[in-house]
Amino acid sequence: MGGDSQAIKDVMSSQERLLDAGLELFHRHGIHPVGLDRILSHAGVTKTTFYKYFETKEAFVCAVLDVFATQLMKQIDALPSGPEDAEFKEQLLGIFGVWDNLQYDKTFRGCLLIAAGVASGDPHDPARKTAILNKRRVLDIIEQTAKQAKINEPARFAARLGALLDSSLIARQLYGDQLEAEETLQMAEELIAAALLERDN
């Protein structure tokens, strides 16, 4: 039994190393430019080991995107929440800073889901579909939070706040400064304030 237990640990550690390598390399260099050999070298595993877990590179990319999204969800779930308006505002604005906690080399690298979603124009591309599915998880959280706060038209509110969030992430990645991020955060504050005011009138 002891040998079997160690074998399971070895298998899991190899898979984790592959996923960690994918997260770091895809963030730094993009998904498509990173070949399988580079991933294997970075993770320190063989091609045979890779194919024990993933049938194709596409399947691997989707798994990496799911890991990234899970990390996002954990960060979002850890945000303060509650029935008061101040807590509602703090939670939603906190989502804008979640990506800062997912740095792999202390440099903002943008959103891996956005990068994967726009890298392919094929609506049937597995990575694109996985990215969109996980992005919708973030919108669902915003919508559910808005419903709890009794915001009018919570789905519309979530779409608007989500658009501001995406704009902030893209601008930071493109321009490398905080100006656009600060402006979109201010716009998010105004959107939340307007939604609360509309609810109460």
# chains A, B, ... in the order shown; residues from 1 in each chain; ligands from 1

$ residues_around --residues "Arg156 (chain A)" --least-positions-apart "2" --cutoff "12 Å" --atoms "only C-alpha atoms" --output "MDAnalysis selection string"
chainID A and resid 139:140 142:144 146:147 151:154 158:163 191 195

$ closest_atom_pairs --of "region 5-107 of chain A" --to "region 172-183 of chain A" --cutoff "12 Å" --atoms "only C-alpha atoms" --output "JSON lines"
{"residue": "A:His27", "atom": "CA", "partner": "A:Gln173", "partner_atom": "CA", "distance": 11.0}
{"residue": "A:Arg28", "atom": "CA", "partner": "A:Gln173", "partner_atom": "CA", "distance": 11.5}
{"residue": "A:Leu93", "atom": "CA", "partner": "A:Glu182", "partner_atom": "CA", "distance": 11.4}
{"residue": "A:Phe96", "atom": "CA", "partner": "A:Ala181", "partner_atom": "CA", "distance": 8.8}
{"residue": "A:Gly97", "atom": "CA", "partner": "A:Ala181", "partner_atom": "CA", "distance": 9.9}
{"residue": "A:Trp99", "atom": "CA", "partner": "A:Arg172", "partner_atom": "CA", "distance": 11.2}
{"residue": "A:Asp100", "atom": "CA", "partner": "A:Arg172", "partner_atom": "CA", "distance": 11.1}
{"residue": "A:Thr107", "atom": "CA", "partner": "A:Gly176", "partner_atom": "CA", "distance": 9.9}

$ residues_around --residues "region 65-73 of chain A" --least-positions-apart "2" --cutoff "12 Å" --atoms "only C-alpha atoms" --output "ChimeraX atom specification"
/A:15-16,18-24,26-27,31,58-63,75-79,94-104,110-117,126-142

$ closest_residue --among "A:Asp200, A:His32, A:Val45, A:Ser168" --to "Gln186 (chain A)" --atoms "only C-alpha atoms"
A:Ser168

$ select_by_dssp --residues "region 43-201 of chain A" --states "helix (DSSP H, G or I)" --output "PyMOL selection string"
chain A and resi 43+47-53+57-77+85-95+98-102+112-119+126-148+154-175+179-200

$ atom_distance --atom1 "CA of Ser120 (chain A)" --atom2 "CA of Leu164 (chain A)"
22.2 Å

$ closest_residue --among "A:Arg38, A:Lys52, A:His124, A:Lys150" --to "Leu25 (chain A)" --atoms "only C-alpha atoms"
A:Arg38

$ decode --residues "region 73-120 of chain A" --atoms "C-alpha atoms" --output "short mmCIF file (atom, residue, chain, number, x, y, z; two decimals), in the first residue's frame"
data_model
loop_
_atom_site.label_atom_id
_atom_site.label_comp_id
_atom_site.auth_asym_id
_atom_site.auth_seq_id
_atom_site.Cartn_x
_atom_site.Cartn_y
_atom_site.Cartn_z
CA MET A 73 -13.00 32.12 -7.81
CA LYS A 74 -11.12 31.44 -4.58
CA GLN A 75 -9.92 35.05 -4.48
CA ILE A 76 -13.42 36.36 -5.21
CA ASP A 77 -15.01 34.08 -2.60
CA ALA A 78 -12.59 35.49 -0.02
CA LEU A 79 -13.84 39.05 -0.56
CA PRO A 80 -15.96 40.57 2.22
CA SER A 81 -19.67 40.28 1.63
CA GLY A 82 -22.86 41.11 3.45
CA PRO A 83 -26.29 42.67 3.24
CA GLU A 84 -25.21 46.28 3.74
CA ASP A 85 -24.69 48.60 0.78
CA ALA A 86 -21.13 49.35 1.84
CA GLU A 87 -20.29 45.64 1.85
CA PHE A 88 -21.95 45.20 -1.55
CA LYS A 89 -19.82 48.00 -2.98
CA GLU A 90 -16.64 46.71 -1.33
CA GLN A 91 -17.16 43.21 -2.68
CA LEU A 92 -17.78 44.32 -6.27
CA LEU A 93 -14.91 46.79 -6.34
CA GLY A 94 -12.70 44.13 -4.76
CA ILE A 95 -13.19 41.96 -7.83
CA PHE A 96 -11.17 44.52 -9.82
CA GLY A 97 -8.11 43.80 -7.66
CA VAL A 98 -8.38 40.01 -7.65
CA TRP A 99 -6.11 39.56 -10.67
CA ASP A 100 -3.30 41.35 -8.81
CA ASN A 101 -3.19 38.42 -6.39
CA LEU A 102 -2.51 35.94 -9.19
CA GLN A 103 0.93 37.22 -10.18
CA TYR A 104 3.49 34.66 -11.27
CA ASP A 105 6.56 36.87 -11.36
CA LYS A 106 5.36 39.99 -9.50
CA THR A 107 4.29 41.60 -12.77
CA PHE A 108 0.72 42.08 -13.93
CA ARG A 109 0.14 39.75 -16.86
CA GLY A 110 -3.49 40.43 -17.63
CA CYS A 111 -6.32 37.94 -17.71
CA LEU A 112 -5.53 34.53 -19.16
CA LEU A 113 -9.21 34.00 -19.92
CA ILE A 114 -9.42 37.16 -22.03
CA ALA A 115 -6.18 36.23 -23.81
CA ALA A 116 -7.50 32.78 -24.66
CA GLY A 117 -10.90 34.09 -25.64
CA VAL A 118 -9.62 36.54 -28.24
CA ALA A 119 -6.67 34.51 -29.53
CA SER A 120 -8.90 32.48 -31.84
#
